[in-house]
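For reference, input39.tsv is printed below; it contains TSV, C-alpha atoms.
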```tsv
chain	number	residue	atom	x	y	z
A	29	MET	CA	25.04	-7.47	37.93
A	30	ALA	CA	27.12	-7.47	34.81
A	31	SER	CA	30.61	-8.51	35.67
A	32	HIS	CA	33.82	-7.97	33.82
A	33	VAL	CA	35.06	-11.40	32.90
A	34	SER	CA	38.19	-10.10	31.33
A	35	THR	CA	39.35	-6.68	30.37
A	36	GLY	CA	40.74	-5.78	27.01
A	37	SER	CA	42.85	-2.77	26.23
A	38	GLU	CA	41.25	0.63	26.63
A	39	GLU	CA	41.03	2.51	23.40
A	40	GLY	CA	41.46	6.26	23.43
A	41	GLU	CA	38.35	8.20	22.58
A	42	GLU	CA	38.53	9.85	19.22
A	43	VAL	CA	38.35	13.58	19.65
A	44	MET	CA	36.19	15.34	17.13
A	45	VAL	CA	37.65	18.64	16.09
A	46	GLY	CA	35.52	21.38	14.64
A	47	GLN	CA	32.12	19.80	15.14
A	48	SER	CA	30.03	18.21	17.85
A	49	VAL	CA	29.18	14.52	17.60
A	50	TRP	CA	25.56	15.59	17.89
A	51	ALA	CA	25.73	17.09	14.40
A	52	ASP	CA	25.95	13.52	13.07
A	53	LEU	CA	23.02	12.19	15.06
A	54	PRO	CA	20.99	9.88	12.80
A	55	SER	CA	17.84	11.67	11.66
A	56	GLU	CA	15.69	8.95	13.19
A	57	LEU	CA	17.07	9.79	16.63
A	58	LEU	CA	16.87	13.52	16.06
A	59	GLU	CA	13.24	13.06	15.12
A	60	ARG	CA	12.65	11.15	18.32
A	61	ILE	CA	14.05	14.08	20.29
A	62	VAL	CA	12.23	16.70	18.28
A	63	ASN	CA	8.90	14.89	18.54
A	64	THR	CA	8.73	15.57	22.26
A	65	LEU	CA	9.46	19.28	21.83
A	66	ASP	CA	7.15	22.24	21.57
A	67	PRO	CA	6.97	23.80	18.11
A	68	LEU	CA	9.02	26.82	19.18
A	69	ASP	CA	11.82	24.58	20.40
A	70	ARG	CA	11.62	22.69	17.11
A	71	VAL	CA	12.35	25.86	15.25
A	72	ALA	CA	15.39	26.42	17.47
A	73	VAL	CA	16.59	22.89	16.71
A	74	ARG	CA	16.42	23.60	13.00
A	75	LEU	CA	18.68	26.58	13.50
A	76	VAL	CA	21.41	24.73	15.40
A	77	CYS	CA	23.43	23.52	12.41
A	78	ALA	CA	23.15	22.66	8.74
A	79	SER	CA	22.88	18.90	9.24
A	80	TRP	CA	20.09	19.25	11.78
A	81	ARG	CA	18.33	21.61	9.43
A	82	ALA	CA	18.56	19.01	6.70
A	83	ALA	CA	17.32	16.27	9.03
A	84	CYS	CA	14.30	18.13	10.44
A	85	VAL	CA	12.01	18.24	7.48
A	86	GLN	CA	8.91	17.06	9.22
A	87	GLU	CA	5.98	19.41	9.12
A	88	PHE	CA	4.55	20.78	12.28
A	89	SER	CA	2.12	23.41	13.27
A	90	PHE	CA	2.71	26.91	14.56
A	91	PRO	CA	5.20	27.58	17.27
A	92	PHE	CA	2.58	28.68	19.74
A	93	GLU	CA	-0.49	27.21	21.22
A	94	ILE	CA	-3.76	28.87	20.41
A	95	PRO	CA	-5.23	31.30	21.20
A	96	ARG	CA	-2.70	33.54	19.49
A	97	LEU	CA	-3.02	36.64	17.39
A	98	LEU	CA	-1.00	37.84	14.46
A	99	ILE	CA	-0.46	41.52	15.13
A	100	ARG	CA	1.29	44.33	13.37
A	101	ARG	CA	3.72	46.53	15.25
A	102	PRO	CA	3.73	49.95	13.58
A	103	GLU	CA	6.43	51.13	15.97
A	104	ARG	CA	8.73	48.49	14.52
A	105	GLY	CA	8.23	49.12	10.86
A	106	GLY	CA	4.99	47.19	10.63
A	107	GLU	CA	6.59	43.95	11.82
A	108	LEU	CA	4.14	41.05	12.00
A	109	VAL	CA	4.45	39.14	15.25
A	110	PHE	CA	2.51	36.60	17.23
A	111	PHE	CA	0.80	37.53	20.44
A	112	SER	CA	-0.08	34.93	22.99
A	113	VAL	CA	-3.51	35.66	24.42
A	114	GLN	CA	-2.90	33.20	27.20
A	115	ASP	CA	0.36	34.77	28.36
A	116	ALA	CA	-0.59	38.30	27.27
A	117	ARG	CA	2.77	38.87	25.63
A	118	ILE	CA	4.37	39.25	22.23
A	119	LEU	CA	6.22	36.08	21.33
A	120	PRO	CA	9.78	36.11	19.99
A	121	PHE	CA	8.78	35.00	16.55
A	122	ALA	CA	8.15	37.48	13.75
A	123	LEU	CA	7.26	36.87	10.14
A	124	PRO	CA	9.95	37.62	7.55
A	125	THR	CA	10.34	41.29	6.63
A	126	TRP	CA	9.04	40.88	3.09
A	127	LEU	CA	5.69	39.70	4.43
A	128	ARG	CA	5.08	43.05	6.13
A	129	ALA	CA	3.43	44.36	3.01
A	130	SER	CA	0.77	41.67	3.28
A	131	ARG	CA	-2.13	40.85	5.53
A	132	CYS	CA	-3.29	37.51	6.78
A	133	CYS	CA	-6.60	36.41	5.32
A	134	GLY	CA	-6.78	32.88	6.58
A	135	HIS	CA	-4.89	29.89	7.81
A	136	VAL	CA	-4.94	26.14	7.42
A	137	THR	CA	-2.95	23.68	9.57
A	138	GLY	CA	0.09	25.80	10.15
A	139	TRP	CA	-0.05	27.59	6.80
A	140	LEU	CA	-0.97	31.26	6.62
A	141	VAL	CA	-2.73	32.73	3.62
A	142	MET	CA	-1.17	36.15	3.07
A	143	ALA	CA	-2.66	38.71	0.72
A	144	PHE	CA	-0.56	41.40	-0.93
A	145	ASP	CA	-3.44	43.68	-1.82
A	146	SER	CA	-1.44	46.28	-3.72
A	147	GLU	CA	-0.01	43.64	-6.01
A	148	ARG	CA	-3.13	41.50	-6.06
A	149	ARG	CA	-1.05	38.55	-5.06
A	150	ILE	CA	-1.79	35.78	-2.59
A	151	LYS	CA	0.81	33.54	-1.05
A	152	VAL	CA	0.48	30.62	1.28
A	153	CYS	CA	3.28	30.65	3.81
A	154	ASN	CA	4.59	28.27	6.37
A	155	PRO	CA	6.99	30.44	8.35
A	156	VAL	CA	8.02	27.51	10.53
A	157	LEU	CA	9.25	25.52	7.54
A	158	CYS	CA	10.22	28.63	5.55
A	159	ARG	CA	8.12	27.45	2.64
A	160	TYR	CA	6.15	29.85	0.49
A	161	ALA	CA	4.00	29.34	-2.55
A	162	ASP	CA	1.97	31.58	-4.82
A	163	ILE	CA	-1.67	30.96	-5.37
A	164	SER	CA	-2.67	31.71	-8.93
A	165	TYR	CA	-5.55	34.08	-9.61
A	166	PRO	CA	-8.97	32.97	-10.46
A	167	PRO	CA	-9.61	33.99	-14.07
A	168	MET	CA	-12.40	36.44	-13.25
A	169	PHE	CA	-10.19	39.39	-12.27
A	170	GLU	CA	-8.88	41.97	-14.65
A	171	ASP	CA	-5.18	42.55	-14.82
A	172	GLY	CA	-3.71	45.66	-13.32
A	173	PRO	CA	-3.07	46.84	-9.82
A	174	PHE	CA	-5.90	46.88	-7.36
A	175	ARG	CA	-5.64	49.98	-5.21
A	176	PRO	CA	-7.80	50.02	-2.15
A	177	THR	CA	-8.15	53.50	-0.72
A	178	ASN	CA	-9.15	52.95	2.85
A	179	LEU	CA	-7.87	49.61	3.98
A	180	PRO	CA	-5.72	50.35	7.01
A	181	TRP	CA	-3.82	47.08	6.84
A	182	VAL	CA	-2.49	47.41	3.33
A	183	GLY	CA	1.28	47.43	3.06
A	184	PRO	CA	3.36	50.59	3.44
A	185	ARG	CA	3.98	51.13	-0.30
A	186	SER	CA	0.41	51.84	-1.32
A	187	ALA	CA	-0.98	55.34	-1.07
A	188	GLY	CA	-3.29	56.61	1.63
A	189	PRO	CA	-2.77	59.46	4.06
A	190	ASN	CA	-4.37	58.15	7.24
A	191	ARG	CA	-3.07	54.67	7.25
A	192	HIS	CA	-2.27	52.84	10.41
A	193	ASP	CA	1.06	51.55	8.96
A	194	ASP	CA	2.42	55.02	8.43
A	195	ARG	CA	2.66	55.73	12.08
A	196	THR	CA	6.25	56.21	12.93
A	197	ALA	CA	7.98	54.90	15.97
A	198	PRO	CA	8.28	57.34	18.83
A	199	ALA	CA	11.67	59.02	18.79
B	19	MET	CA	26.32	-22.29	34.02
B	20	ALA	CA	22.69	-23.24	33.96
B	21	ALA	CA	21.27	-25.25	31.10
B	22	PRO	CA	20.00	-23.05	28.32
B	23	GLU	CA	16.26	-22.56	28.52
B	24	SER	CA	14.05	-23.00	25.55
B	25	GLY	CA	13.62	-19.37	26.21
B	26	ASP	CA	11.00	-16.83	25.46
B	27	GLY	CA	13.42	-14.51	27.20
B	28	ASN	CA	10.86	-13.87	29.87
B	29	ASN	CA	12.27	-15.60	32.85
B	30	GLY	CA	15.83	-16.53	31.95
B	31	ALA	CA	16.86	-15.84	35.53
B	32	ALA	CA	19.54	-18.46	35.44
B	33	ARG	CA	20.68	-18.23	31.88
B	34	MET	CA	23.69	-16.01	31.29
B	35	VAL	CA	25.07	-14.65	28.03
B	36	THR	CA	28.38	-13.01	27.27
B	37	LEU	CA	28.65	-9.76	25.36
B	38	ILE	CA	31.94	-8.51	23.95
B	39	SER	CA	32.48	-4.77	23.56
B	40	SER	CA	34.40	-3.15	20.68
B	41	ASP	CA	37.48	-2.95	22.91
B	42	ASN	CA	37.26	-6.65	23.75
B	43	THR	CA	35.87	-6.46	27.24
B	44	ARG	CA	33.61	-9.38	28.07
B	45	PHE	CA	30.42	-8.79	30.02
B	46	GLU	CA	28.44	-11.63	31.48
B	47	VAL	CA	24.81	-10.75	31.97
B	48	GLU	CA	21.46	-12.45	32.43
B	49	ALA	CA	19.79	-13.32	29.15
B	50	ALA	CA	16.60	-11.63	30.34
B	51	ALA	CA	18.44	-8.31	30.74
B	52	ALA	CA	20.26	-8.57	27.41
B	53	SER	CA	16.96	-9.41	25.74
B	54	LEU	CA	15.74	-5.86	26.29
B	55	SER	CA	17.75	-5.32	23.13
B	56	GLN	CA	15.67	-6.43	20.16
B	57	THR	CA	18.87	-7.14	18.26
B	58	LEU	CA	20.32	-9.35	20.99
B	59	GLN	CA	17.02	-11.03	21.71
B	60	LEU	CA	17.06	-12.69	18.29
B	61	THR	CA	20.59	-14.00	18.79
B	62	ILE	CA	19.77	-15.18	22.28
B	63	LEU	CA	16.59	-16.94	21.18
B	64	ASP	CA	18.75	-18.76	18.65
B	65	GLY	CA	20.84	-19.96	21.56
B	66	GLY	CA	23.77	-17.62	20.91
B	67	GLY	CA	25.93	-15.87	23.44
B	68	GLY	CA	26.24	-18.72	25.88
B	69	GLY	CA	29.32	-20.63	26.93
B	70	GLY	CA	32.62	-19.34	25.70
B	71	ASP	CA	31.30	-17.80	22.52
B	72	GLY	CA	30.00	-14.42	23.46
B	73	ILE	CA	28.24	-11.96	21.18
B	74	PRO	CA	30.58	-9.35	19.71
B	75	LEU	CA	29.27	-5.79	19.67
B	76	PRO	CA	31.72	-3.95	17.42
B	77	ASN	CA	29.85	-0.64	17.69
B	78	VAL	CA	29.75	-0.36	21.47
B	79	ASP	CA	32.76	0.36	23.69
B	80	SER	CA	33.08	-1.08	27.18
B	81	ALA	CA	32.26	2.12	29.08
B	82	THR	CA	29.04	2.53	27.11
B	83	LEU	CA	28.14	-1.16	27.24
B	84	SER	CA	28.51	-1.27	31.00
B	85	LYS	CA	26.16	1.71	31.26
B	86	VAL	CA	23.68	0.11	28.84
B	87	LEU	CA	23.71	-3.12	30.84
B	88	GLU	CA	23.16	-1.22	34.07
B	89	TYR	CA	19.94	0.05	32.51
B	90	CYS	CA	18.92	-3.36	31.16
B	91	ILE	CA	19.49	-5.13	34.47
B	92	LYS	CA	17.42	-2.56	36.33
B	93	HIS	CA	14.60	-2.73	33.81
B	94	ALA	CA	14.59	-6.48	33.10
B	95	PRO	CA	12.23	-7.52	35.92
B	96	ALA	CA	9.59	-4.96	34.94
B	97	ALA	CA	9.95	-5.89	31.27
B	98	ALA	CA	9.55	-9.56	32.14
B	99	ASN	CA	6.21	-8.74	33.77
B	100	GLY	CA	5.07	-7.35	30.46
B	101	GLY	CA	5.13	-3.71	31.44
B	102	ALA	CA	4.50	-4.71	35.04
B	103	PRO	CA	0.77	-4.25	35.45
B	104	ASN	CA	1.10	-5.61	38.96
B	105	ALA	CA	4.09	-3.51	39.89
B	106	THR	CA	3.59	-1.50	43.00
B	107	ALA	CA	3.71	2.26	42.98
B	108	VAL	CA	6.90	1.96	44.99
B	109	ASP	CA	8.53	-0.14	42.26
B	110	ARG	CA	7.52	2.32	39.60
B	111	ALA	CA	8.72	5.27	41.62
B	112	GLU	CA	12.02	3.48	42.18
B	113	LEU	CA	12.46	2.87	38.42
B	114	GLU	CA	11.65	6.48	37.72
B	115	ARG	CA	14.17	7.64	40.29
B	116	PHE	CA	16.75	5.31	38.75
B	117	ASP	CA	16.02	6.64	35.23
B	118	ASN	CA	16.36	10.27	36.29
B	119	GLU	CA	19.63	9.56	38.03
B	120	PHE	CA	20.82	7.37	35.16
B	121	VAL	CA	20.69	10.09	32.51
B	122	ASN	CA	22.12	12.74	34.78
B	123	ILE	CA	25.44	12.51	32.91
B	124	ASP	CA	27.64	14.43	30.53
B	125	GLN	CA	26.24	15.08	27.05
B	126	SER	CA	29.04	13.13	25.38
B	127	VAL	CA	28.09	10.03	27.38
B	128	LEU	CA	24.44	10.61	26.50
B	129	TYR	CA	25.44	10.59	22.86
B	130	SER	CA	27.25	7.24	23.13
B	131	LEU	CA	24.31	5.89	25.06
B	132	ILE	CA	21.61	6.87	22.58
B	133	MET	CA	23.73	5.56	19.69
B	134	ALA	CA	24.22	2.24	21.47
B	135	ALA	CA	20.53	2.04	22.37
B	136	HIS	CA	19.76	2.73	18.72
B	137	ASN	CA	22.16	0.07	17.42
B	138	LEU	CA	20.96	-2.49	19.94
B	139	GLU	CA	17.32	-1.45	19.51
B	140	ILE	CA	16.56	-0.90	23.17
B	141	GLU	CA	13.33	1.01	22.94
B	142	GLY	CA	13.07	2.21	26.53
B	143	LEU	CA	16.64	3.49	26.64
B	144	GLN	CA	16.29	5.33	23.33
B	145	SER	CA	13.19	7.10	24.64
B	146	LEU	CA	14.80	7.86	27.97
B	147	VAL	CA	17.88	9.50	26.45
B	148	ALA	CA	15.84	11.29	23.77
B	149	LYS	CA	13.63	12.70	26.52
B	150	LYS	CA	16.68	13.85	28.45
B	151	VAL	CA	18.20	15.56	25.40
B	152	ALA	CA	14.85	17.20	24.66
B	153	ASP	CA	14.80	18.50	28.24
B	154	MET	CA	18.28	19.94	27.70
B	155	ILE	CA	17.09	21.71	24.53
B	156	LYS	CA	13.80	23.09	25.88
B	157	GLY	CA	13.51	26.84	26.06
B	158	LYS	CA	16.99	27.47	24.69
B	159	SER	CA	18.11	29.57	21.78
B	160	PRO	CA	19.98	27.86	18.94
B	161	MET	CA	23.28	29.19	20.30
B	162	GLU	CA	22.50	27.95	23.79
B	163	ILE	CA	21.65	24.53	22.37
B	164	ARG	CA	24.99	24.48	20.58
B	165	ARG	CA	26.84	25.27	23.80
B	166	THR	CA	24.87	22.70	25.77
B	167	LEU	CA	25.66	19.94	23.30
B	168	GLY	CA	29.33	20.77	22.93
B	169	PHE	CA	29.23	22.37	19.50
B	170	PRO	CA	32.27	24.58	18.97
B	171	ASP	CA	31.77	28.30	18.49
B	172	PRO	CA	30.54	28.80	14.95
B	173	THR	CA	33.01	29.96	12.34
B	174	PRO	CA	32.24	33.38	10.85
B	175	GLU	CA	30.71	31.61	7.83
B	176	GLU	CA	28.53	29.40	10.01
B	177	GLN	CA	27.54	32.40	12.11
B	178	ALA	CA	26.53	34.31	8.99
B	179	GLU	CA	24.49	31.34	7.81
B	180	MET	CA	22.81	31.01	11.19
B	181	ASN	CA	21.99	34.71	11.24
B	182	ALA	CA	20.54	34.50	7.76
B	183	HIS	CA	18.35	31.58	8.77
B	184	MET	CA	17.25	33.28	11.96
B	185	LEU	CA	16.22	36.27	9.91
B	186	GLU	CA	14.45	34.03	7.46
B	187	TYR	CA	12.57	32.30	10.24
B	188	GLY	CA	11.79	35.60	11.89
B	189	TRP	CA	13.53	34.33	14.96
B	190	ALA	CA	14.13	37.15	17.35
B	191	TYR	CA	15.93	37.13	20.66
B	192	GLU	CA	15.55	40.27	22.60
```

Would you put the structure from the file into structure tokens?
Amino acid sequence: MASHVSTGSEEGEEVMVGQSVWADLPSELLERIVNTLDPLDRVAVRLVCASWRAACVQEFSFPFEIPRLLIRRPERGGELVFFSVQDARILPFALPTWLRASRCCGHVTGWLVMAFDSERRIKVCNPVLCRYADISYPPMFEDGPFRPTNLPWVGPRSAGPNRHDDRTAPA
Amino acid sequence: MAAPESGDGNNGAARMVTLISSDNTRFEVEAAAASLSQTLQLTILDGGGGGGDGIPLPNVDSATLSKVLEYCIKHAPAAANGGAPNATAVDRAELERFDNEFVNIDQSVLYSLIMAAHNLEIEGLQSLVAKKVADMIKGKSPMEIRRTLGFPDPTPEEQAEMNAHMLEYGWAYE
């Protein structure tokens, strides 16, 4: 066993006021912790404080294991949420409000390809990292708004009387 | 004190080294145990830490160092067997039980421990504490994580920032 050969003076612990010592955890150690976490927990870690947010810049995939569905909830203003097929429940992770006007037309390694049909705009989005980028148009399209008439998933601003998104929440 | 061994750090059963904490407490410990620290291993291989010299550790206080050494002493025999391929299931179960018990401590001590393990480059201890902290975080909301790890209640500005980020991330707690 380790034995005390001689004892020096005990120093008083410095008390941190206003912040937890964990806020200053070296990013290497934070990464070590985060690496063993599920993606959803990783998102929570990012939200704990500004310094953790700055330290957790590593990319990771979606917060939920597949199979999962991206579904629209008309009763909640067309909110886009994830649905776990395995657990048969809606997961507590929605896409940002401004993405409601779009539909998902593909995904690659944690990035969603979201189409804003009414504006003829396509964005790639990583909601876990909060990173978004526009994809520029191929040159073959004419300018001007594209107005589909019977696509039920098109965002609430475009016209169409029988659209799915116009359903209002029950009172 | 036994004669220093030429020392690959593998079986220094008899060789002792002295470590000195930031608050000047001296710890005498087997070289094999101290060698779990990559940092100390180099010094020890160079023949340091023996006799009256001691190796000063200005970043580690005595309470933390004693805890770190408790870990090293327990894990030294298995480490000496090179990951203990011939360890019995009983030995492994005992180490696991020790590890679980070992990290069952206050979060502030866990912090000192992981920082010390980081400074001293003790791989196993870093992983063990990181795993424990991850377990404490699992399934919690950002606010719950803050409370668990002793963050103070957020100031109104911090709260507003957190809310904004939660919104941005689409994070919803029902």

Spatial neighbours of B:Lys150, 9 Å, only C-alpha atoms, chain gap at least 4 places, as a VMD selection string: (chain A and resid 61) or (chain B and resid 118 121 to 122 128 145 to 146 154 to 155)

Against chain A, which residues of chain B fall within 8 Å? For each one I want the closest pair of atoms and the distance in Å (one decimal), counting only C-alpha atoms, rows by chain and increasing residue number, as a tab-separated table.
```
residue	atom	partner	partner_atom	distance
B:Asp41	CA	A:Gly36	CA	6.0
B:Asn42	CA	A:Gly36	CA	4.8
B:Thr43	CA	A:Thr35	CA	4.7
B:Arg44	CA	A:Val33	CA	5.4
B:Phe45	CA	A:His32	CA	5.2
B:Glu46	CA	A:Ala30	CA	5.5
B:Val47	CA	A:Ala30	CA	4.9
B:Glu48	CA	A:Ala30	CA	7.9
B:Ser84	CA	A:Ala30	CA	7.4
B:Leu87	CA	A:Ala30	CA	6.8
B:Glu88	CA	A:Ala30	CA	7.4
B:Ile91	CA	A:Met29	CA	6.9
B:Ser126	CA	A:Val49	CA	7.9
B:Tyr129	CA	A:Trp50	CA	7.1
B:His136	CA	A:Leu57	CA	7.8
B:Ser145	CA	A:Arg60	CA	7.5
B:Ala148	CA	A:Ile61	CA	4.8
B:Lys149	CA	A:Ile61	CA	6.4
B:Val151	CA	A:Ile61	CA	6.7
B:Ala152	CA	A:Ile61	CA	5.4
B:Ile155	CA	A:Asp69	CA	7.3
B:Lys156	CA	A:Asp69	CA	6.0
B:Gly157	CA	A:Asp69	CA	6.3
B:Lys158	CA	A:Asp69	CA	7.3
B:Ser159	CA	A:Ala72	CA	6.0
B:Pro160	CA	A:Val76	CA	4.9
B:Met161	CA	A:Val76	CA	6.9
B:Ile163	CA	A:Val76	CA	7.0
B:Arg164	CA	A:Val76	CA	6.3
B:Leu167	CA	A:Trp50	CA	6.9
B:Gly168	CA	A:Ser48	CA	5.7
B:Phe169	CA	A:Ser48	CA	4.5
B:Pro170	CA	A:Gln47	CA	6.1
B:Met180	CA	A:Leu75	CA	6.5
B:His183	CA	A:Leu75	CA	6.9
B:Met184	CA	A:Leu75	CA	7.0
B:Leu185	CA	A:Pro124	CA	6.8
B:Glu186	CA	A:Pro124	CA	5.8
B:Tyr187	CA	A:Pro155	CA	6.2
B:Gly188	CA	A:Ala122	CA	4.5
B:Trp189	CA	A:Phe121	CA	5.1
B:Ala190	CA	A:Pro120	CA	5.2
B:Tyr191	CA	A:Pro120	CA	6.3
B:Glu192	CA	A:Pro120	CA	7.6
```

Atom CA of A:Asp115 to atom CA of A:Val85 measures 29.1 Å

Please list as a ChimeraX atom specification every residue within 12 Å of B:Ala135, counting all atoms listed in the file and excluding residues in the same chain fewer than 4 positions away. /A:57 /B:52,54-58,77-78,82-83,85-87,89-90,128-131,139-148

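Minimum atom-to-atom distances from B:Leu138, B:Met133, B:Ala107, B:Ala51 to B:Ala94 were compared using only C-alpha atoms, and the lowest value belongs to B:Ala51.
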